[in-house]
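Note: the block below is upload.cif and it holds mmCIF, C-alpha atoms.
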data_input
#
loop_
_atom_site.label_atom_id
_atom_site.label_comp_id
_atom_site.auth_asym_id
_atom_site.auth_seq_id
_atom_site.Cartn_x
_atom_site.Cartn_y
_atom_site.Cartn_z
CA MET A 1 0.00 0.00 0.00
CA THR A 2 3.01 2.36 0.08
CA ALA A 3 2.74 2.22 -3.70
CA ALA A 4 1.03 4.93 -5.71
CA MET A 5 -2.75 4.94 -5.56
CA PRO A 6 -5.20 6.10 -8.21
CA ILE A 7 -7.23 9.24 -7.56
CA SER A 8 -9.81 11.01 -9.65
CA LEU A 9 -11.02 14.46 -8.74
CA GLU A 10 -12.16 17.74 -10.20
CA VAL A 11 -9.71 20.63 -10.14
CA ASN A 12 -10.97 24.04 -11.22
CA GLY A 13 -13.80 22.36 -13.09
CA GLU A 14 -11.62 19.88 -14.97
CA ARG A 15 -11.55 16.14 -14.32
CA VAL A 16 -8.08 15.00 -13.23
CA SER A 17 -6.90 11.44 -12.73
CA ALA A 18 -3.50 10.58 -11.31
CA GLN A 19 -1.42 8.01 -9.46
CA VAL A 20 -0.12 9.45 -6.19
CA LEU A 21 1.90 8.22 -3.24
CA PRO A 22 -0.02 8.33 0.06
CA ARG A 23 2.56 10.72 1.53
CA LEU A 24 1.95 13.37 -1.15
CA ASN A 25 -0.02 16.29 0.24
CA LEU A 26 -2.59 18.21 -1.77
CA ALA A 27 -0.42 21.34 -2.02
CA ASP A 28 2.45 19.42 -3.60
CA PHE A 29 0.05 17.53 -5.87
CA LEU A 30 -1.38 20.80 -7.17
CA ARG A 31 2.02 22.41 -7.63
CA GLU A 32 4.15 19.55 -8.86
CA HIS A 33 1.74 17.28 -10.68
CA LEU A 34 -0.71 19.85 -12.05
CA LYS A 35 1.72 22.81 -12.18
CA LEU A 36 -0.83 25.00 -10.43
CA ILE A 37 1.82 26.99 -8.61
CA GLY A 38 -0.48 29.76 -7.39
CA THR A 39 -1.03 27.64 -4.28
CA HIS A 40 1.99 28.54 -2.19
CA VAL A 41 3.79 26.33 0.27
CA GLY A 42 5.04 28.21 3.31
CA CYS A 43 5.26 26.41 6.64
CA GLU A 44 3.98 22.97 5.62
CA HIS A 45 2.36 22.43 8.98
CA GLY A 46 -0.84 24.39 8.82
CA VAL A 47 0.25 27.63 10.46
CA CYS A 48 0.78 30.19 7.67
CA GLY A 49 -2.27 29.78 5.43
CA ALA A 50 -0.37 30.35 2.16
CA CYS A 51 -1.61 27.00 0.78
CA THR A 52 -5.32 27.68 1.38
CA VAL A 53 -7.58 26.19 -1.32
CA ARG A 54 -11.23 25.20 -1.57
CA VAL A 55 -12.21 21.56 -1.28
CA ASN A 56 -15.89 20.75 -1.84
CA GLY A 57 -16.71 24.43 -1.46
CA GLU A 58 -14.88 25.01 1.84
CA ILE A 59 -11.44 26.40 2.50
CA VAL A 60 -8.77 24.03 3.80
CA ARG A 61 -5.02 23.95 4.28
CA SER A 62 -3.79 21.97 1.30
CA CYS A 63 -0.59 21.08 3.20
CA LEU A 64 -2.74 19.30 5.80
CA MET A 65 -4.66 17.15 3.38
CA LEU A 66 -3.30 14.14 1.57
CA ALA A 67 -3.85 14.01 -2.17
CA VAL A 68 -5.38 10.54 -1.71
CA GLN A 69 -8.03 12.08 0.52
CA THR A 70 -9.27 14.22 -2.37
CA ASP A 71 -10.38 11.25 -4.46
CA GLY A 72 -13.86 12.19 -5.67
CA ALA A 73 -13.57 15.76 -4.38
CA SER A 74 -13.88 19.10 -6.12
CA VAL A 75 -10.89 21.37 -5.61
CA VAL A 76 -10.71 25.05 -6.55
CA THR A 77 -7.37 26.84 -6.41
CA ILE A 78 -6.50 30.50 -6.76
CA GLU A 79 -6.16 29.88 -10.51
CA GLY A 80 -9.77 28.68 -10.67
CA LEU A 81 -11.08 31.54 -8.57
CA SER A 82 -9.11 34.02 -10.64
CA ASP A 83 -10.09 32.64 -14.05
CA SER A 84 -13.77 32.41 -13.18
CA GLY A 85 -13.90 36.11 -12.37
CA GLU A 86 -15.35 35.39 -8.94
CA ILE A 87 -12.78 37.55 -7.15
CA THR A 88 -11.86 40.08 -9.84
CA ASP A 89 -13.11 42.95 -7.66
CA LEU A 90 -11.29 41.66 -4.57
CA GLN A 91 -8.05 41.33 -6.54
CA ALA A 92 -8.45 44.86 -7.93
CA THR A 93 -9.04 46.25 -4.46
CA PHE A 94 -5.96 44.41 -3.12
CA ARG A 95 -3.94 46.17 -5.83
CA ASP A 96 -5.55 49.57 -5.20
CA ARG A 97 -5.02 49.39 -1.44
CA ASN A 98 -1.46 48.00 -1.64
CA ALA A 99 -2.70 44.95 0.24
CA LEU A 100 0.22 42.96 -1.10
CA GLN A 101 3.92 43.54 -1.44
CA CYS A 102 5.88 40.35 -2.09
CA GLY A 103 2.64 38.50 -2.90
CA PHE A 104 3.57 35.21 -1.26
CA CYS A 105 0.58 35.16 1.11
CA THR A 106 -1.82 36.73 -1.39
CA PRO A 107 -3.36 33.61 -2.97
CA GLY A 108 -4.18 32.20 0.46
CA MET A 109 -5.45 35.59 1.66
CA LEU A 110 -7.74 35.94 -1.35
CA VAL A 111 -9.15 32.42 -1.04
CA ALA A 112 -9.75 32.90 2.72
CA ALA A 113 -11.18 36.41 2.33
CA GLN A 114 -13.57 35.31 -0.40
CA GLU A 115 -14.97 32.62 1.88
CA LEU A 116 -15.81 35.27 4.48
CA LEU A 117 -17.35 37.56 1.85
CA LYS A 118 -19.53 34.69 0.65
CA GLN A 119 -20.74 33.95 4.18
CA GLU A 120 -21.26 37.49 5.42
CA THR A 121 -22.25 40.52 3.42
CA GLU A 122 -20.95 43.15 5.78
CA PRO A 123 -18.27 41.84 8.13
CA ASP A 124 -16.71 44.48 10.38
CA ARG A 125 -12.95 44.88 10.73
CA GLU A 126 -12.80 42.72 13.86
CA ARG A 127 -14.63 39.93 12.06
CA ILE A 128 -12.30 40.21 9.07
CA ARG A 129 -9.29 40.08 11.37
CA LYS A 130 -10.56 36.97 13.10
CA HIS A 131 -11.36 35.24 9.85
CA LEU A 132 -7.89 35.99 8.43
CA SER A 133 -6.09 35.23 11.71
CA GLY A 134 -4.85 31.99 10.21
CA ASN A 135 -3.13 33.69 7.27
CA TYR A 136 0.30 35.19 7.79
CA CYS A 137 1.53 38.24 5.92
CA ARG A 138 5.06 39.34 6.65
CA CYS A 139 4.99 42.51 4.48
CA THR A 140 1.89 44.61 4.89
CA GLY A 141 1.16 44.70 8.59
CA TYR A 142 -2.37 43.54 7.70
CA GLN A 143 -4.08 46.96 7.81
CA ALA A 144 -4.19 47.28 4.04
CA ILE A 145 -5.50 43.74 3.70
CA ILE A 146 -8.31 44.43 6.15
CA ASP A 147 -9.02 47.67 4.24
CA ALA A 148 -9.25 45.82 0.94
CA VAL A 149 -11.60 43.14 2.26
CA GLU A 150 -13.78 45.71 4.00
CA MET A 151 -13.95 47.88 0.86
CA THR A 152 -14.82 44.91 -1.33
CA ALA A 153 -17.64 43.95 1.04
CA ARG A 154 -19.05 47.46 0.92
CA ALA A 155 -18.72 47.67 -2.85
CA ARG A 156 -20.56 44.38 -3.23
CA MET A 157 -23.35 45.79 -1.08
CA GLY A 158 -23.64 48.52 -3.70
CA ARG A 159 -22.40 51.12 -1.30
CA LYS A 160 -19.66 53.66 -1.56
CA PRO A 161 -16.36 52.30 -0.26
CA MET B 1 9.02 19.10 6.10
CA LYS B 2 7.43 16.27 4.15
CA ALA B 3 5.91 13.21 5.79
CA SER B 4 7.93 10.03 5.43
CA ALA B 5 6.47 7.19 3.37
CA PHE B 6 3.48 5.33 4.74
CA SER B 7 0.70 3.07 3.58
CA TYR B 8 -2.83 4.34 3.41
CA ALA B 9 -6.11 2.54 3.98
CA ARG B 10 -9.53 4.11 3.78
CA ALA B 11 -11.60 2.31 6.40
CA THR B 12 -15.00 1.25 5.16
CA SER B 13 -16.55 0.83 8.61
CA VAL B 14 -15.67 1.04 12.30
CA ALA B 15 -15.18 -2.75 12.31
CA ASN B 16 -12.82 -2.51 9.35
CA ALA B 17 -10.84 0.30 11.03
CA LEU B 18 -10.54 -1.77 14.21
CA GLU B 19 -9.28 -4.79 12.24
CA LEU B 20 -6.53 -2.64 10.74
CA LEU B 21 -5.61 -1.20 14.14
CA VAL B 22 -5.37 -4.67 15.65
CA ALA B 23 -3.25 -5.91 12.75
CA TYR B 24 -0.81 -2.99 12.83
CA GLY B 25 -0.82 -2.11 16.55
CA ASP B 26 0.96 1.11 17.37
CA LYS B 27 2.54 1.24 13.90
CA ALA B 28 -0.80 2.52 12.65
CA LYS B 29 -2.24 5.99 13.16
CA VAL B 30 -5.84 7.02 12.78
CA LEU B 31 -6.55 9.91 10.41
CA SER B 32 -9.68 11.87 11.23
CA GLY B 33 -9.46 15.56 10.26
CA GLY B 34 -5.66 15.43 10.15
CA GLN B 35 -5.17 18.94 11.49
CA SER B 36 -2.80 17.78 14.24
CA LEU B 37 -1.69 14.43 12.83
CA ILE B 38 -0.46 15.70 9.47
CA PRO B 39 1.59 18.58 10.93
CA ALA B 40 3.24 16.06 13.28
CA MET B 41 3.97 13.80 10.30
CA ASN B 42 5.23 16.67 8.15
CA LEU B 43 7.56 17.66 10.99
CA ARG B 44 8.63 13.98 11.27
CA LEU B 45 7.65 13.92 14.92
CA ILE B 46 5.87 10.70 14.07
CA SER B 47 6.30 8.30 11.16
CA PRO B 48 3.46 5.77 11.16
CA GLU B 49 3.64 2.78 8.81
CA LEU B 50 -0.06 2.83 8.13
CA ILE B 51 -2.62 5.60 8.06
CA VAL B 52 -6.17 4.44 8.69
CA ASP B 53 -8.43 7.12 7.23
CA LEU B 54 -11.83 7.29 8.95
CA GLY B 55 -13.11 9.97 6.56
CA GLU B 56 -15.70 7.79 4.83
CA ILE B 57 -17.32 6.29 7.93
CA ALA B 58 -20.69 8.03 7.89
CA GLU B 59 -21.88 6.39 11.13
CA LEU B 60 -19.35 8.48 13.07
CA ARG B 61 -20.81 11.78 11.89
CA GLY B 62 -23.66 13.76 13.28
CA ILE B 63 -25.26 15.33 16.32
CA ALA B 64 -28.38 13.88 17.95
CA VAL B 65 -30.45 14.63 21.05
CA ARG B 66 -32.24 11.73 22.71
CA GLY B 67 -33.66 11.45 26.21
CA GLY B 68 -31.73 14.31 27.73
CA VAL B 69 -28.45 13.22 26.15
CA LEU B 70 -26.62 15.07 23.41
CA ARG B 71 -24.55 12.66 21.35
CA ILE B 72 -21.85 14.02 19.07
CA GLY B 73 -20.24 11.64 16.59
CA ALA B 74 -16.44 11.55 16.60
CA LEU B 75 -16.14 12.72 13.00
CA THR B 76 -18.25 15.83 13.62
CA ARG B 77 -16.10 18.72 12.47
CA HIS B 78 -15.41 21.90 14.43
CA VAL B 79 -17.36 23.92 11.87
CA ASP B 80 -20.34 21.58 12.34
CA LEU B 81 -20.23 22.15 16.10
CA LEU B 82 -19.98 25.90 15.57
CA ARG B 83 -23.05 26.02 13.30
CA SER B 84 -25.18 23.40 15.03
CA PRO B 85 -28.47 24.66 16.50
CA GLU B 86 -28.57 21.53 18.73
CA ILE B 87 -25.17 22.38 20.22
CA ALA B 88 -26.17 26.04 20.65
CA ALA B 89 -29.35 25.00 22.44
CA HIS B 90 -28.08 22.12 24.57
CA ALA B 91 -24.34 22.76 25.05
CA PRO B 92 -23.78 26.47 24.37
CA LEU B 93 -20.43 26.23 26.14
CA LEU B 94 -19.16 24.19 23.18
CA THR B 95 -20.41 26.71 20.62
CA GLU B 96 -18.36 29.34 22.40
CA ALA B 97 -15.34 27.10 22.92
CA VAL B 98 -15.09 25.92 19.34
CA ALA B 99 -15.05 29.49 18.01
CA HIS B 100 -11.63 29.72 19.69
CA VAL B 101 -10.29 26.59 18.00
CA ALA B 102 -7.76 27.59 15.35
CA HIS B 103 -8.94 29.23 12.13
CA PRO B 104 -11.75 28.66 9.60
CA ALA B 105 -9.67 26.50 7.24
CA ILE B 106 -8.65 24.26 10.16
CA ARG B 107 -12.18 24.13 11.60
CA ASN B 108 -13.45 22.93 8.22
CA ARG B 109 -11.38 19.75 8.62
CA GLY B 110 -10.66 19.19 12.31
CA THR B 111 -12.99 16.86 14.20
CA LEU B 112 -14.18 16.45 17.78
CA GLY B 113 -12.92 12.86 17.99
CA GLY B 114 -9.55 13.89 16.63
CA SER B 115 -9.21 16.68 19.16
CA LEU B 116 -10.16 14.40 22.06
CA ALA B 117 -7.87 11.55 20.99
CA HIS B 118 -4.99 13.96 20.37
CA ALA B 119 -5.45 15.41 23.90
CA ASP B 120 -3.44 18.58 23.62
CA PRO B 121 -3.51 20.05 27.13
CA ALA B 122 -3.97 23.54 25.65
CA ALA B 123 -6.95 22.54 23.50
CA GLU B 124 -10.42 23.95 24.10
CA LEU B 125 -12.66 20.95 23.42
CA PRO B 126 -11.18 18.50 25.97
CA ALA B 127 -11.73 21.13 28.68
CA GLY B 128 -15.26 21.72 27.40
CA MET B 129 -15.94 18.00 27.72
CA ALA B 130 -14.63 17.94 31.28
CA ALA B 131 -16.72 20.98 32.25
CA LEU B 132 -19.85 19.47 30.72
CA ASN B 133 -19.34 16.12 32.45
CA ALA B 134 -19.21 14.35 29.10
CA THR B 135 -18.78 10.65 28.60
CA ILE B 136 -16.34 9.60 25.89
CA VAL B 137 -17.53 6.49 24.07
CA VAL B 138 -14.70 4.35 22.69
CA ARG B 139 -14.89 1.06 20.84
CA GLY B 140 -12.48 -1.82 20.39
CA GLN B 141 -12.98 -5.29 18.95
CA THR B 142 -14.15 -6.57 22.33
CA GLY B 143 -16.80 -3.89 22.73
CA GLU B 144 -17.45 -0.37 23.89
CA ARG B 145 -16.15 1.46 26.92
CA ARG B 146 -17.69 4.60 28.34
CA ILE B 147 -15.18 6.85 30.03
CA ALA B 148 -15.87 10.03 31.98
CA ALA B 149 -14.08 12.96 30.32
CA GLN B 150 -12.02 13.76 33.40
CA ASP B 151 -10.68 10.19 33.42
CA PHE B 152 -10.17 10.06 29.65
CA PHE B 153 -7.35 12.59 29.59
CA THR B 154 -4.30 11.18 31.36
CA GLY B 155 -1.39 13.43 30.34
CA ILE B 156 0.17 15.48 27.56
CA TYR B 157 -1.19 13.88 24.35
CA GLU B 158 -2.15 10.88 26.49
CA THR B 159 -5.57 9.35 26.98
CA ALA B 160 -7.23 6.21 28.30
CA LEU B 161 -7.65 5.10 24.67
CA SER B 162 -5.61 2.06 23.64
CA ALA B 163 -3.91 1.80 20.23
CA GLN B 164 -6.61 -0.68 19.18
CA GLU B 165 -9.59 1.52 20.08
CA LEU B 166 -11.41 4.36 18.38
CA VAL B 167 -13.27 7.32 19.83
CA ILE B 168 -16.85 6.84 18.62
CA ALA B 169 -18.74 9.72 20.18
CA ALA B 170 -19.05 12.08 23.09
CA GLU B 171 -22.27 12.10 25.12
CA LEU B 172 -23.30 15.07 27.21
CA PRO B 173 -26.23 15.79 29.49
CA VAL B 174 -28.30 18.55 27.89
CA ALA B 175 -28.01 21.90 29.61
CA GLN B 176 -30.61 22.53 32.33
CA LYS B 177 -32.71 25.68 32.53
CA SER B 178 -30.82 27.15 35.46
CA SER B 179 -27.43 26.28 34.02
CA ALA B 180 -24.98 28.91 32.92
CA HIS B 181 -21.66 28.68 31.17
CA PHE B 182 -18.46 30.65 30.86
CA PHE B 183 -15.61 30.38 28.40
CA ASP B 184 -12.54 32.57 28.12
CA GLU B 185 -8.89 32.16 27.26
CA PHE B 186 -5.71 34.14 26.95
CA ALA B 187 -3.94 33.71 23.63
CA ARG B 188 -1.53 35.98 21.82
CA ARG B 189 -3.55 35.82 18.61
CA HIS B 190 -7.11 34.70 17.90
CA GLY B 191 -7.09 31.01 17.08
CA ASP B 192 -3.77 30.20 18.73
CA TYR B 193 -3.53 27.61 21.45
CA ALA B 194 -4.30 29.24 24.78
CA ILE B 195 -1.69 30.37 27.28
CA ALA B 196 -4.37 29.76 29.90
CA GLY B 197 -8.07 29.06 29.47
CA LEU B 198 -11.23 28.21 31.36
CA ALA B 199 -14.37 26.36 30.32
CA ALA B 200 -17.01 26.31 33.05
CA GLN B 201 -20.52 25.01 33.48
CA ALA B 202 -22.56 26.06 36.51
CA MET B 203 -25.98 25.92 38.13
CA VAL B 204 -26.97 29.23 39.67
CA ARG B 205 -29.95 29.69 41.98
CA GLY B 206 -30.77 32.78 43.99
CA GLY B 207 -27.35 34.31 43.42
CA LEU B 208 -25.52 31.19 44.60
CA PHE B 209 -23.70 28.47 42.74
CA THR B 210 -25.37 25.12 43.37
CA ASP B 211 -22.82 23.54 41.05
CA LEU B 212 -19.67 24.78 39.37
CA ARG B 213 -17.46 22.68 37.11
CA ALA B 214 -14.46 24.80 36.17
CA ALA B 215 -12.15 23.07 33.68
CA PHE B 216 -8.87 24.93 33.20
CA PHE B 217 -6.71 24.22 30.19
CA ALA B 218 -3.11 25.01 29.17
CA VAL B 219 -2.21 25.15 32.86
CA GLY B 220 -1.43 21.47 33.39
CA ASP B 221 -0.78 18.25 31.51
CA ARG B 222 -4.53 17.75 30.90
CA PRO B 223 -7.78 19.66 31.47
CA ILE B 224 -7.97 20.34 35.21
CA LEU B 225 -11.36 20.30 36.93
CA ALA B 226 -10.56 22.73 39.71
CA LYS B 227 -11.29 21.50 43.22
CA ALA B 228 -11.14 25.16 44.24
CA ALA B 229 -14.58 25.56 42.67
CA THR B 230 -16.14 23.54 45.50
CA LYS B 231 -15.32 26.42 47.84
CA LEU B 232 -17.74 28.58 45.86
CA ILE B 233 -20.74 26.25 45.95
CA ASN B 234 -23.74 26.98 48.17
CA VAL B 235 -22.03 29.94 49.82
CA GLY B 236 -22.50 33.66 49.46
CA VAL B 237 -19.43 34.58 47.44
CA THR B 238 -17.66 37.55 48.99
CA PRO B 239 -14.30 38.91 47.88
CA THR B 240 -12.76 36.97 50.79
CA VAL B 241 -14.40 33.69 49.73
CA LEU B 242 -13.23 34.25 46.17
CA ALA B 243 -9.70 35.07 47.34
CA GLU B 244 -9.60 31.80 49.28
CA ALA B 245 -10.81 29.81 46.28
CA SER B 246 -8.26 31.62 44.16
CA ALA B 247 -5.45 30.71 46.57
CA THR B 248 -6.58 27.07 46.52
CA LEU B 249 -6.58 27.16 42.72
CA GLY B 250 -3.01 28.46 42.73
CA GLU B 251 -1.96 25.56 44.94
CA GLU B 252 -3.65 22.82 42.96
CA LEU B 253 -2.37 23.94 39.56
CA ASP B 254 1.08 22.87 38.40
CA PRO B 255 1.50 24.70 35.09
CA GLN B 256 4.34 24.15 32.69
CA GLU B 257 6.74 26.85 31.63
CA ASP B 258 7.38 27.42 27.93
CA GLN B 259 8.36 30.22 25.54
CA GLN B 260 4.88 31.74 25.87
CA ALA B 261 4.60 32.02 29.65
CA SER B 262 6.20 31.10 32.95
CA ALA B 263 4.41 28.84 35.41
CA ALA B 264 3.76 31.84 37.66
CA MET B 265 2.20 33.79 34.81
CA ARG B 266 -0.09 30.88 33.94
CA ARG B 267 -1.13 30.54 37.58
CA HIS B 268 -1.88 34.27 37.67
CA LEU B 269 -3.92 34.12 34.46
CA ALA B 270 -5.90 31.14 35.75
CA LYS B 271 -6.85 33.16 38.84
CA ILE B 272 -7.94 36.07 36.63
CA LEU B 273 -10.10 33.67 34.63
CA LEU B 274 -11.68 32.24 37.78
CA ALA B 275 -12.57 35.74 38.99
CA ARG B 276 -13.97 36.69 35.57
CA CYS B 277 -16.02 33.50 35.54
CA VAL B 278 -17.48 33.98 39.02
CA SER B 279 -18.19 37.64 38.40
CA ALA B 280 -19.89 36.94 35.06
CA LEU B 281 -21.97 33.95 36.14
CA LEU B 282 -23.20 35.51 39.39
CA GLY B 283 -23.69 38.93 37.77
CA ARG B 284 -21.39 40.46 40.34
CA PRO B 285 -19.20 43.22 38.88
CA ASP B 286 -17.75 43.75 42.38
CA LEU B 287 -15.96 40.39 42.06
CA ALA B 288 -14.38 41.20 38.69
CA PRO B 289 -10.61 41.07 38.71
CA GLY B 290 -8.63 44.28 38.83
CA GLY B 291 -4.97 44.36 37.98
CA THR B 292 -4.13 41.58 40.39
CA VAL B 293 -5.91 38.78 42.21
#

Exercise: express the given structure as structure tokens:
Amino acid sequence: MTAAMPISLEVNGERVSAQVLPRLNLADFLREHLKLIGTHVGCEHGVCGACTVRVNGEIVRSCLMLAVQTDGASVVTIEGLSDSGEITDLQATFRDRNALQCGFCTPGMLVAAQELLKQETEPDRERIRKHLSGNYCRCTGYQAIIDAVEMTARARMGRKP
Amino acid sequence: MKASAFSYARATSVANALELLVAYGDKAKVLSGGQSLIPAMNLRLISPELIVDLGEIAELRGIAVRGGVLRIGALTRHVDLLRSPEIAAHAPLLTEAVAHVAHPAIRNRGTLGGSLAHADPAAELPAGMAALNATIVVRGQTGERRIAAQDFFTGIYETALSAQELVIAAELPVAQKSSAHFFDEFARRHGDYAIAGLAAQAMVRGGLFTDLRAAFFAVGDRPILAKAATKLINVGVTPTVLAEASATLGEELDPQEDQQASAAMRRHLAKILLARCVSALLGRPDLAPGGTV
């Protein structure tokens, strides 16, 4: 059973089948097998949030899931979210507010922030902070990120930022 | 920072999982949500030969209320606890506690059974179980055992569970009308493991505690049901009575020192939490902690 195992899943709307070793985590599967390198690998033990992706509609740490566990699942990465246009406004606001500098944390931040914006139409700054507490950013000091998420929420409500 | 090689088996039932655990003994590890197990494997703190994935065992999921007992399946995820109207109605302490467990992406995967079996002394849910007088239901090939939460946790990452048993569920008495709960913790950042925390369940009548189960966490090698709380039951709580209970608490706790806090600091924070708890549950602002206790 240490041998490669077959998996079949949906990634960004496309059916993917592969043979993977049990030890391969989802982040490495996405990056190395599928070349979807927007999912970043930071701490590899669930602390930094850079590898956040959606599995079956909910955000998870892709470094804390085995690729074999995603057999039959639907995975959406930052590439999928970006290409579908679902977060175009959030991305634009991140740029406008300088909510990224080096960009390493940004894919995880965007995936996590979009989950909050889907669940709550008007989260306050404290709520945004709590929701993003599992995503590290070592450049911005977070204020600009909170700004961008808050502004996107307001804009989606059809209100002035 | 990558897990070493292992074999993987997706258990098809509890019986199938138990067969694998008996065959492999302590060379096997059970994968539930994986939010503590996989970090430990990635850090090479553990290198199991076989991972037994419980993920597909539907019978271990779900929350049910029957005859005054709230039963929570082991595979119930943190996010399920957080959103459950049954938990909010019958064990509101858990709704509050689980909001402090890690971050949304972790709560979407982590499970109650995983948290209990992992038994991190700084974790919120084991303390919640102790405060709520929960029974942990475990199953092996020879049958089920029902273990009181305060006996289930035996040390740092240690429980009464054997390597050939699985946590099946937790069972809790539903909250009574006159019951009240308190949850608070000190952590440097929301979602971090606590430096010191308190989960408490109480019965309050006529301004007195008729029962108070105060489970402290991150201040010992397991959740600690404070004996000091007995000094507050069926007595008019004055600042002097509270100070005596607080002193007793300081004596019974034996906190560890680490990079986050000294033992003395943890003891101090536990006393602050006790005072906050008593003040909040009795509606007595005069008992609220000031700068020191």

task = Select residues of chain B: the criterion is any atom within 9 Å of an atom of chain A, counting only C-alpha atoms; output as a VMD selection string.
result = chain B and resid 1 to 10 33 to 43 49 to 51 53 55 102 to 109 189 to 192

message = Please compute the CA of Thr39 (chain A)-CA of Glu79 (chain A) distance, one decimal, in Å.
response = 8.4 Å

ask   = What does the distance between CA of Ala228 (chain B) and CA of Asp254 (chain B) come to in Å, to one decimal place?
value =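 Separation of CA of Ala228 (chain B) and CA of Asp254 (chain B): 13.7 Å.
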
message = Since I can't run it myself right now, could you work out what the PyMOL selection byres ((chain B and resi 12) around 8) selects here and report it as a list in words?
response =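 So the PyMOL selection byres ((chain B and resi 12) around 8), applied here, picks out Arg10, Ala11, Ser13, Val14, Asn16, Ala17, Leu54, Glu56 and Ile57 of chain B.
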
query = Just so the selection is clear, what residues does the PyMOL selection byres ((chain B and resi 209-223) around 6) cover here, as a list of chain:residue names?
reply =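 Output from the PyMOL selection byres ((chain B and resi 209-223) around 6), applied to this file: B:Pro121, B:Ala122, B:Ala127, B:Ala131, B:Gly155, B:Ile156, B:Ile195, B:Ala196, B:Gly197, B:Leu198, B:Ala199, B:Ala200, B:Gln201, B:Ala202, B:Met203, B:Val204, B:Leu208, B:Ile224, B:Leu225, B:Ala226, B:Ile233, B:Asn234, B:Asp254, B:Pro255.
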
Any chance you could resolve the PyMOL selection byres ((chain B and resi 61) around 9) against this file and give the residues as a compact mmCIF listing (two decimals) with C-alpha atoms, in the frame of the given file?
# COMPACT_ATOMS: atom_id res chain seq x y z
CA ILE B 57 -17.32 6.29 7.93
CA ALA B 58 -20.69 8.03 7.89
CA GLU B 59 -21.88 6.39 11.13
CA LEU B 60 -19.35 8.48 13.07
CA GLY B 62 -23.66 13.76 13.28
CA ILE B 63 -25.26 15.33 16.32
CA ILE B 72 -21.85 14.02 19.07
CA GLY B 73 -20.24 11.64 16.59
CA ALA B 74 -16.44 11.55 16.60
CA LEU B 75 -16.14 12.72 13.00
CA THR B 76 -18.25 15.83 13.62
CA ARG B 77 -16.10 18.72 12.47
CA ALA B 169 -18.74 9.72 20.18

inquiry  = Between CA of Arg145 (chain B) and CA of Leu172 (chain B), what distance in Å does the model show, to one decimal?
reply    =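 These two atoms are separated by 15.4 Å.
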
Would you mind listing what lies within 10 Å of Val65 (chain B) as a compact mmCIF listing (two decimals) with C-alpha atoms, in the coordinates of the input, with all atoms listed in the file counted and same-chain residues fewer than 2 positions away left out?
# COMPACT_ATOMS: atom_id res chain seq x y z
CA ILE B 63 -25.26 15.33 16.32
CA GLY B 67 -33.66 11.45 26.21
CA GLY B 68 -31.73 14.31 27.73
CA VAL B 69 -28.45 13.22 26.15
CA LEU B 70 -26.62 15.07 23.41
CA ARG B 71 -24.55 12.66 21.35
CA ILE B 72 -21.85 14.02 19.07
CA GLU B 86 -28.57 21.53 18.73
CA ILE B 87 -25.17 22.38 20.22
CA HIS B 90 -28.08 22.12 24.57
CA GLU B 171 -22.27 12.10 25.12
CA LEU B 172 -23.30 15.07 27.21
CA PRO B 173 -26.23 15.79 29.49
CA VAL B 174 -28.30 18.55 27.89

task = Show which residues sit within 9 Å of Leu21 (chain B), as a PyMOL selection string. Count all atoms listed in the file, and ignore same-chain residues fewer than 5 positions away.
result = chain B and resi 16+26-30+52+163-165
